[in-house]
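J.: Data: structure-v9.cif, mmCIF, C-alpha atoms.
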data_query
loop_
_atom_site.group_PDB
_atom_site.id
_atom_site.type_symbol
_atom_site.label_atom_id
_atom_site.label_comp_id
_atom_site.auth_asym_id
_atom_site.auth_seq_id
_atom_site.Cartn_x
_atom_site.Cartn_y
_atom_site.Cartn_z
ATOM 1 C CA MET O 1 -80.369 -23.530 -8.099
ATOM 2 C CA LYS O 2 -78.330 -21.405 -10.486
ATOM 3 C CA GLN O 3 -78.552 -18.442 -8.145
ATOM 4 C CA GLU O 4 -77.166 -20.595 -5.364
ATOM 5 C CA ASP O 5 -74.310 -21.636 -7.636
ATOM 6 C CA ASP O 6 -73.644 -17.988 -8.410
ATOM 7 C CA LYS O 7 -73.563 -17.110 -4.724
ATOM 8 C CA GLU O 8 -71.244 -20.006 -4.017
ATOM 9 C CA LEU O 9 -68.875 -18.917 -6.775
ATOM 10 C CA GLU O 10 -68.995 -15.316 -5.535
ATOM 11 C CA ARG O 11 -68.141 -16.462 -2.017
ATOM 12 C CA TYR O 12 -65.294 -18.528 -3.386
ATOM 13 C CA LEU O 13 -63.890 -15.616 -5.386
ATOM 14 C CA LYS O 14 -64.135 -13.262 -2.419
ATOM 15 C CA GLN O 15 -61.791 -15.530 -0.470
ATOM 16 C CA PHE O 16 -58.993 -14.116 -2.593
ATOM 17 C CA GLU O 17 -57.888 -10.676 -1.544
ATOM 18 C CA LEU O 18 -56.514 -7.662 -3.312
ATOM 19 C CA ARG O 19 -52.864 -6.869 -2.890
ATOM 20 C CA ALA O 20 -52.502 -3.786 -0.709
ATOM 21 C CA ALA O 21 -51.357 -0.697 -2.559
ATOM 22 C CA ARG O 22 -48.389 1.187 -1.148
ATOM 23 C CA PRO O 23 -49.165 4.110 1.181
ATOM 24 C CA LEU O 24 -50.180 7.381 -0.392
ATOM 25 C CA GLN O 25 -47.221 9.672 -0.944
ATOM 26 C CA SER O 26 -47.971 13.115 0.422
ATOM 27 C CA PRO O 27 -47.277 16.103 -1.844
ATOM 28 C CA GLN O 28 -45.407 17.793 1.039
ATOM 29 C CA ALA O 29 -42.998 14.870 1.195
ATOM 30 C CA SER O 30 -42.276 15.013 -2.500
ATOM 31 C CA THR O 31 -41.818 18.808 -2.349
ATOM 32 C CA ARG O 32 -39.538 18.436 0.661
ATOM 33 C CA ARG O 33 -37.415 15.848 -1.146
ATOM 34 C CA TRP O 34 -37.208 18.087 -4.208
ATOM 35 C CA THR O 35 -36.098 21.033 -2.059
ATOM 36 C CA TRP O 36 -33.401 18.939 -0.398
ATOM 37 C CA GLN O 37 -32.108 17.790 -3.753
ATOM 38 C CA LEU O 38 -31.980 21.370 -4.999
ATOM 39 C CA ALA O 39 -30.159 22.543 -1.851
ATOM 40 C CA ALA O 40 -27.647 19.695 -2.126
ATOM 41 C CA ALA O 41 -26.987 20.505 -5.783
ATOM 42 C CA ALA O 42 -26.529 24.206 -4.962
ATOM 43 C CA ALA O 43 -24.104 23.344 -2.152
ATOM 44 C CA LEU O 44 -22.077 21.132 -4.489
ATOM 45 C CA VAL O 45 -21.863 23.852 -7.130
ATOM 46 C CA LEU O 46 -20.845 26.396 -4.485
ATOM 47 C CA ALA O 47 -18.182 24.090 -3.047
ATOM 48 C CA GLY O 48 -16.853 23.398 -6.524
ATOM 49 C CA GLY O 49 -16.705 27.107 -7.310
ATOM 50 C CA ILE O 50 -14.868 27.905 -4.088
ATOM 51 C CA ALA O 51 -12.411 25.090 -4.723
ATOM 52 C CA LEU O 52 -11.713 26.349 -8.231
ATOM 53 C CA TRP O 53 -11.246 29.865 -6.895
ATOM 54 C CA PHE O 54 -8.659 28.870 -4.285
ATOM 55 C CA VAL O 55 -6.775 26.039 -5.973
ATOM 56 C CA PRO O 56 -4.514 28.217 -8.191
ATOM 57 C CA ASP O 57 -3.476 30.327 -5.203
ATOM 58 C CA HIS O 58 -2.489 27.364 -3.059
ATOM 59 C CA ALA O 59 -1.206 24.957 -5.661
ATOM 60 C CA GLY O 60 2.360 23.787 -5.271
ATOM 61 C CA PRO O 61 4.962 24.220 -7.974
ATOM 62 C CA ALA O 62 4.791 22.034 -11.035
ATOM 63 C CA GLY O 63 6.781 18.834 -10.947
ATOM 64 C CA GLY O 64 6.109 18.214 -7.301
ATOM 65 C CA VAL O 65 8.997 20.332 -5.991
ATOM 66 C CA ALA O 66 8.082 21.757 -2.619
ATOM 67 C CA VAL O 67 9.442 25.195 -1.959
ATOM 68 C CA HIS O 68 9.314 25.974 1.729
ATOM 69 C CA ASP O 69 10.040 29.293 3.314
ATOM 70 C CA PHE O 70 9.716 31.022 0.027
ATOM 71 C CA GLN O 71 8.826 34.670 0.271
ATOM 72 C CA PRO O 72 8.842 36.981 -2.666
ATOM 73 C CA ALA O 73 11.557 39.526 -2.338
ATOM 74 C CA LYS O 74 9.168 42.236 -3.081
ATOM 75 C CA THR O 75 5.417 42.010 -2.899
ATOM 76 C CA GLN O 76 3.805 44.024 -5.570
ATOM 77 C CA THR O 77 0.218 44.721 -6.353
ATOM 78 C CA LEU O 78 -0.677 43.158 -9.627
ATOM 79 C CA LYS O 79 -2.306 45.514 -12.000
ATOM 80 C CA ARG O 80 -4.165 43.747 -14.736
ATOM 81 C CA VAL O 81 -4.947 45.503 -17.972
ATOM 82 C CA SER O 82 -8.055 44.271 -19.668
ATOM 83 C CA THR O 83 -7.637 42.247 -22.834
ATOM 84 C CA LEU O 84 -9.899 44.633 -24.715
ATOM 85 C CA ALA O 85 -7.789 47.669 -23.773
ATOM 86 C CA LEU O 86 -4.583 45.799 -24.617
ATOM 87 C CA THR O 87 -5.952 44.827 -28.007
ATOM 88 C CA GLN O 88 -6.892 48.410 -28.718
ATOM 89 C CA VAL O 89 -3.415 49.649 -27.725
ATOM 90 C CA ALA O 90 -1.768 46.899 -29.773
ATOM 91 C CA ILE O 91 -3.668 48.046 -32.854
ATOM 92 C CA GLU O 92 -3.182 51.760 -32.364
ATOM 93 C CA ASP O 93 0.291 52.079 -30.805
ATOM 94 C CA GLN O 94 2.733 49.227 -31.066
ATOM 95 C CA ARG O 95 5.389 50.939 -28.995
ATOM 96 C CA THR O 96 3.100 51.637 -26.036
ATOM 97 C CA PHE O 97 1.847 48.086 -26.249
ATOM 98 C CA GLU O 98 5.400 46.738 -25.974
ATOM 99 C CA ALA O 99 6.034 49.008 -23.004
ATOM 100 C CA ILE O 100 2.903 47.803 -21.236
ATOM 101 C CA MET O 101 3.802 44.192 -21.869
ATOM 102 C CA THR O 102 7.312 44.698 -20.522
ATOM 103 C CA SER O 103 5.950 46.425 -17.463
ATOM 104 C CA GLN O 104 3.438 43.644 -16.919
ATOM 105 C CA ALA O 105 6.146 41.011 -17.216
ATOM 106 C CA GLN O 106 8.197 42.814 -14.571
ATOM 107 C CA THR O 107 5.358 43.238 -12.146
ATOM 108 C CA MET O 108 3.518 39.952 -12.630
ATOM 109 C CA PHE O 109 6.492 37.867 -11.484
ATOM 110 C CA PRO O 110 8.785 38.391 -8.508
ATOM 111 C CA PRO O 111 12.296 39.546 -9.415
ATOM 112 C CA MET O 112 14.691 36.689 -9.747
ATOM 113 C CA ASP O 113 17.877 38.419 -8.738
ATOM 114 C CA GLY O 114 17.119 38.883 -5.050
ATOM 115 C CA GLU O 115 18.441 36.893 -2.104
ATOM 116 C CA GLN O 116 15.097 35.066 -1.710
ATOM 117 C CA SER O 117 14.302 34.604 -5.395
ATOM 118 C CA ALA O 118 12.620 31.411 -6.525
ATOM 119 C CA LEU O 119 15.446 30.639 -8.895
ATOM 120 C CA ARG O 120 18.054 30.846 -6.146
ATOM 121 C CA ILE O 121 16.051 28.675 -3.779
ATOM 122 C CA LEU O 122 15.384 26.075 -6.458
ATOM 123 C CA GLY O 123 19.055 26.126 -7.416
ATOM 124 C CA LYS O 124 20.259 25.298 -3.877
ATOM 125 C CA PRO O 125 21.215 21.631 -3.343
ATOM 126 C CA MET R 1 -60.384 23.008 10.687
ATOM 127 C CA PRO R 2 -59.012 24.591 7.525
ATOM 128 C CA HIS R 3 -60.806 23.640 4.312
ATOM 129 C CA ASN R 4 -57.665 22.170 2.678
ATOM 130 C CA ALA R 5 -56.794 20.091 5.737
ATOM 131 C CA PHE R 6 -60.307 18.694 5.756
ATOM 132 C CA LYS R 7 -59.984 17.748 2.114
ATOM 133 C CA ALA R 8 -56.564 16.191 2.692
ATOM 134 C CA ALA R 9 -57.972 14.069 5.492
ATOM 135 C CA GLU R 10 -60.862 13.046 3.256
ATOM 136 C CA VAL R 11 -58.535 12.171 0.383
ATOM 137 C CA LYS R 12 -56.359 10.051 2.654
ATOM 138 C CA ALA R 13 -59.411 8.272 4.035
ATOM 139 C CA LEU R 14 -60.576 7.579 0.484
ATOM 140 C CA TYR R 15 -57.171 6.163 -0.369
ATOM 141 C CA GLU R 16 -57.220 3.933 2.681
ATOM 142 C CA LYS R 17 -60.613 2.622 1.665
ATOM 143 C CA HIS R 18 -60.269 2.330 -2.115
ATOM 144 C CA GLY R 19 -56.536 2.525 -2.908
ATOM 145 C CA SER R 20 -55.958 -1.223 -3.175
ATOM 146 C CA ALA R 21 -59.144 -1.805 -5.170
ATOM 147 C CA LEU R 22 -58.225 1.011 -7.535
ATOM 148 C CA ALA R 23 -54.729 -0.387 -8.088
ATOM 149 C CA ALA R 24 -56.221 -3.818 -8.750
ATOM 150 C CA TYR R 25 -58.723 -2.188 -11.106
ATOM 151 C CA GLY R 26 -55.781 -0.688 -12.996
ATOM 152 C CA CYS R 27 -54.452 -4.243 -13.343
ATOM 153 C CA CYS R 28 -57.833 -5.371 -14.657
ATOM 154 C CA CYS R 29 -57.513 -2.667 -17.285
ATOM 155 C CA GLY R 30 -54.209 -4.217 -18.354
ATOM 156 C CA LEU R 31 -51.503 -2.487 -16.326
ATOM 157 C CA ASP R 32 -48.934 -4.276 -14.224
ATOM 158 C CA PHE R 33 -49.326 -3.747 -10.487
ATOM 159 C CA GLY R 34 -46.501 -1.203 -10.094
ATOM 160 C CA THR R 35 -47.751 0.969 -12.940
ATOM 161 C CA ALA R 36 -51.310 0.695 -11.656
ATOM 162 C CA GLU R 37 -50.118 1.894 -8.243
ATOM 163 C CA ASP R 38 -48.383 4.845 -9.891
ATOM 164 C CA VAL R 39 -51.538 5.770 -11.767
ATOM 165 C CA VAL R 40 -53.597 5.642 -8.572
ATOM 166 C CA GLN R 41 -51.037 7.723 -6.683
ATOM 167 C CA GLN R 42 -51.125 10.375 -9.381
ATOM 168 C CA VAL R 43 -54.904 10.567 -9.268
ATOM 169 C CA PHE R 44 -54.859 11.042 -5.487
ATOM 170 C CA LEU R 45 -51.972 13.510 -5.546
ATOM 171 C CA LYS R 46 -53.906 15.599 -8.021
ATOM 172 C CA LEU R 47 -56.846 15.579 -5.643
ATOM 173 C CA LEU R 48 -54.583 16.502 -2.706
ATOM 174 C CA GLN R 49 -53.043 19.375 -4.617
ATOM 175 C CA GLY R 50 -56.447 20.687 -5.577
ATOM 176 C CA GLY R 51 -55.831 20.006 -9.250
ATOM 177 C CA SER R 52 -59.272 18.475 -9.593
ATOM 178 C CA ALA R 53 -62.645 19.739 -8.465
ATOM 179 C CA TRP R 54 -63.950 17.823 -5.486
ATOM 180 C CA PRO R 55 -66.198 15.083 -6.911
ATOM 181 C CA GLN R 56 -69.813 14.675 -5.878
ATOM 182 C CA THR R 57 -69.511 10.894 -5.615
ATOM 183 C CA PRO R 58 -65.821 10.268 -4.916
ATOM 184 C CA PRO R 59 -65.698 6.451 -5.367
ATOM 185 C CA ALA R 60 -67.370 6.578 -8.791
ATOM 186 C CA TYR R 61 -65.146 9.481 -9.774
ATOM 187 C CA LEU R 62 -62.004 7.644 -8.619
ATOM 188 C CA PHE R 63 -62.798 4.425 -10.464
ATOM 189 C CA ARG R 64 -63.651 6.365 -13.621
ATOM 190 C CA THR R 65 -60.499 8.490 -13.399
ATOM 191 C CA VAL R 66 -58.247 5.508 -12.723
ATOM 192 C CA ARG R 67 -59.853 3.638 -15.617
ATOM 193 C CA ASN R 68 -59.219 6.537 -18.015
ATOM 194 C CA ALA R 69 -55.685 7.051 -16.738
ATOM 195 C CA ALA R 70 -54.933 3.324 -17.013
ATOM 196 C CA LEU R 71 -56.195 3.175 -20.583
ATOM 197 C CA ASN R 72 -54.184 6.279 -21.481
ATOM 198 C CA ARG R 73 -51.092 4.760 -19.923
ATOM 199 C CA LEU R 74 -51.683 1.558 -21.852
ATOM 200 C CA ARG R 75 -51.842 3.509 -25.068
ATOM 201 C CA ASP R 76 -48.621 5.278 -24.125
ATOM 202 C CA ILE R 77 -46.689 2.120 -23.470
ATOM 203 C CA ARG R 78 -48.216 0.425 -26.537
ATOM 204 C CA ARG R 79 -48.595 -2.896 -24.889
ATOM 205 C CA GLU R 80 -51.191 -5.552 -25.381
ATOM 206 C CA VAL R 81 -53.803 -5.717 -22.675
ATOM 207 C CA GLU R 82 -52.700 -8.385 -20.295
ATOM 208 C CA MET R 83 -52.235 -8.980 -16.608
ATOM 209 C CA PRO R 84 -48.600 -9.838 -16.021
ATOM 210 C CA GLU R 85 -47.890 -12.162 -13.137
ATOM 211 C CA GLU R 86 -44.741 -10.476 -11.783
ATOM 212 C CA THR R 87 -46.684 -8.864 -8.947
ATOM 213 C CA PRO R 88 -50.091 -10.495 -8.690
ATOM 214 C CA TRP R 89 -52.910 -8.147 -7.728
ATOM 215 C CA LEU R 90 -55.087 -10.953 -6.355
ATOM 216 C CA ILE R 91 -53.586 -13.036 -3.583
ATOM 217 C CA SER R 92 -54.441 -15.777 -1.151
ATOM 218 C CA ARG R 93 -53.952 -15.069 2.536
ATOM 219 C CA ASP R 94 -54.101 -18.730 3.546
ATOM 220 C CA GLY R 95 -51.430 -20.258 1.357
ATOM 221 C CA ARG R 96 -53.639 -21.356 -1.551
ATOM 222 C CA GLU R 97 -51.274 -19.914 -4.090
ATOM 223 C CA GLU R 98 -52.127 -22.423 -6.805
ATOM 224 C CA GLU R 99 -55.795 -21.599 -6.549
ATOM 225 C CA ALA R 100 -55.071 -17.891 -6.575
ATOM 226 C CA LEU R 101 -53.029 -18.396 -9.725
ATOM 227 C CA ALA R 102 -55.884 -20.368 -11.305
ATOM 228 C CA VAL R 103 -58.350 -17.579 -10.481
ATOM 229 C CA ARG R 104 -56.029 -14.921 -11.869
ATOM 230 C CA THR R 105 -55.501 -16.928 -15.033
ATOM 231 C CA ALA R 106 -59.243 -17.481 -15.469
ATOM 232 C CA LEU R 107 -59.842 -13.762 -14.981
ATOM 233 C CA ARG R 108 -57.094 -12.860 -17.409
ATOM 234 C CA ASP R 109 -58.670 -15.019 -20.077
ATOM 235 C CA LEU R 110 -62.038 -13.285 -19.801
ATOM 236 C CA PRO R 111 -62.959 -10.603 -22.319
ATOM 237 C CA ASP R 112 -61.972 -7.179 -20.978
ATOM 238 C CA GLU R 113 -65.508 -5.939 -20.337
ATOM 239 C CA GLN R 114 -66.504 -9.140 -18.516
ATOM 240 C CA ARG R 115 -63.368 -9.056 -16.383
ATOM 241 C CA GLU R 116 -64.113 -5.446 -15.511
ATOM 242 C CA ALA R 117 -67.699 -6.260 -14.550
ATOM 243 C CA ILE R 118 -66.753 -9.161 -12.328
ATOM 244 C CA PHE R 119 -63.948 -7.222 -10.660
ATOM 245 C CA LEU R 120 -66.148 -4.233 -9.909
ATOM 246 C CA LYS R 121 -68.919 -6.429 -8.484
ATOM 247 C CA ILE R 122 -66.858 -8.903 -6.465
ATOM 248 C CA TRP R 123 -63.804 -6.961 -5.307
ATOM 249 C CA ALA R 124 -64.807 -3.303 -5.597
ATOM 250 C CA GLY R 125 -68.198 -4.079 -4.057
ATOM 251 C CA MET R 126 -70.221 -2.102 -6.591
ATOM 252 C CA THR R 127 -73.844 -2.714 -7.443
ATOM 253 C CA LEU R 128 -74.835 -3.452 -11.017
ATOM 254 C CA GLN R 129 -76.304 0.064 -11.245
ATOM 255 C CA GLU R 130 -73.007 1.602 -10.095
ATOM 256 C CA ILE R 131 -71.100 -0.501 -12.630
ATOM 257 C CA ALA R 132 -73.509 0.616 -15.348
ATOM 258 C CA ASP R 133 -73.021 4.272 -14.377
ATOM 259 C CA LEU R 134 -69.247 3.940 -14.271
ATOM 260 C CA LEU R 135 -68.969 2.224 -17.631
ATOM 261 C CA GLU R 136 -71.777 4.300 -19.151
ATOM 262 C CA ILE R 137 -73.770 1.259 -20.163
ATOM 263 C CA SER R 138 -77.286 0.086 -19.332
ATOM 264 C CA ILE R 139 -77.854 -1.942 -16.196
ATOM 265 C CA ASN R 140 -78.976 -4.866 -18.379
ATOM 266 C CA THR R 141 -75.671 -4.809 -20.231
ATOM 267 C CA ALA R 142 -73.792 -4.674 -16.937
ATOM 268 C CA ALA R 143 -75.832 -7.601 -15.622
ATOM 269 C CA SER R 144 -75.272 -9.713 -18.715
ATOM 270 C CA ARG R 145 -71.522 -9.032 -18.709
ATOM 271 C CA TYR R 146 -71.397 -10.094 -15.095
ATOM 272 C CA ARG R 147 -73.487 -13.200 -15.723
ATOM 273 C CA TYR R 148 -71.375 -14.321 -18.699
ATOM 274 C CA ALA R 149 -68.227 -13.767 -16.687
ATOM 275 C CA LEU R 150 -69.560 -15.881 -13.828
ATOM 276 C CA GLU R 151 -70.470 -18.689 -16.204
ATOM 277 C CA LYS R 152 -67.016 -18.753 -17.756
ATOM 278 C CA LEU R 153 -65.336 -18.657 -14.379
ATOM 279 C CA ARG R 154 -67.522 -21.462 -13.133
ATOM 280 C CA GLU R 155 -66.449 -23.655 -16.066
ATOM 281 C CA ARG R 156 -62.808 -22.922 -15.373
ATOM 282 C CA LEU R 157 -62.879 -23.065 -11.601
ATOM 283 C CA LEU R 158 -65.504 -25.701 -10.914
ATOM 284 C CA PRO R 159 -63.110 -28.253 -9.380
ATOM 285 C CA GLN R 160 -61.728 -25.670 -6.932
ATOM 286 C CA THR R 161 -65.079 -24.234 -5.876
ATOM 287 C CA LYS R 162 -66.442 -27.668 -4.949
ATOM 288 C CA ARG R 163 -63.560 -28.460 -2.622
#
For this file, produce the structure as structure tokens.

T.:
Amino acid sequence: MKQEDDKELERYLKQFELRAARPLQSPQASTRRWTWQLAAAAALVLAGGIALWFVPDHAGPAGGVAVHDFQPAKTQTLKRVSTLALTQVAIEDQRTFEAIMTSQAQTMFPPMDGEQSALRILGKP
Amino acid sequence: MPHNAFKAAEVKALYEKHGSALAAYGCCCGLDFGTAEDVVQQVFLKLLQGGSAWPQTPPAYLFRTVRNAALNRLRDIRREVEMPEETPWLISRDGREEEALAVRTALRDLPDEQREAIFLKIWAGMTLQEIADLLEISINTAASRYRYALEKLRERLLPQTKR
């Protein structure tokens, strides 16, 4: 009698089912997703780097003033002296240092007395 | 067929067969359903990646591994052993939600070892000997845990079972 009761209870309990577990995630899928994320992150960093590299060269003048048709009167190759070398010269020979700085100031910026100088263009109404 | 591919197919077949029971077993050990699913997935992924030696008796190995992992996870999250109802692991397919809730509640109120015994026998389909081997107890102990559990469930669920 008790065994029959047990069987009946077992049958009753078995009417209730287990919730299905979600499908098994394959390791390839997780690796693939990880690779995509890494590639996307690398692309973002690269794009950011390129943007930072080009922005100073193409940025407009400060204050939102657009200067069209501006061409430097004289294109010069910029020669940069390393900070370390400059420091050494500044310590050892003040006069040479001043001369280098003056030369740098003259070559780093376009001359402002020419027909096409930035100052003249900006000064035009 | 390459050895690894054969194993992968075997692992997937094992998941198809035992995945739901293992997740429910994780719930019986006290995890919520989502965490139990995660634990089961990790066990199978480890098998797929070859992180574990291929077991001689895979179902027994899986239930034992999930049990250990579930208990470890419980210790990690420092939560009392309970079966939350957010995502019930035991459901009714024919709309008898109230009865399913009553069964889940009755199971939840059982002592842990009795709940485990009844789950493994009724829903995981194990024999008393297999339960004894899994839990490392004698078959008599497994049988008595199962019997006590049935008695308590009968007291709680008698009105429903006689319908």

J.: Expanded to explicit residues, what is the PyMOL selection byres ((chain O) within 12 of (chain R)) for this file, as a PyMOL selection string?

T.: chain O and resi 2-3+5-31

J.: Measure the distance from CA of Cys29 (chain R) to CA of Ile139 (chain R) in Å and round it to one decimal.

T.: 20.4 Å

J.: Can you measure CA of Val39 (chain R) to CA of Leu120 (chain R) for me? One decimal in Å is fine.

T.: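 It comes out at 17.8 Å.
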
J.: Expressed in Å to a single decimal, how great is the separation between CA of Pro111 (chain R) and CA of Ala132 (chain R)?

T.: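 Calculated distance between CA of Pro111 (chain R) and CA of Ala132 (chain R) is 16.9 Å.
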
J.: From the options R:Leu14, R:Ala117, R:Ala143, R:Ala102, which residue's atoms come nearest to Thr57 (chain R), counting only C-alpha atoms?

T.: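 Of R:Leu14, R:Ala117, R:Ala143, R:Ala102, the one nearest Thr57 (chain R), counting only C-alpha atoms, is R:Leu14.
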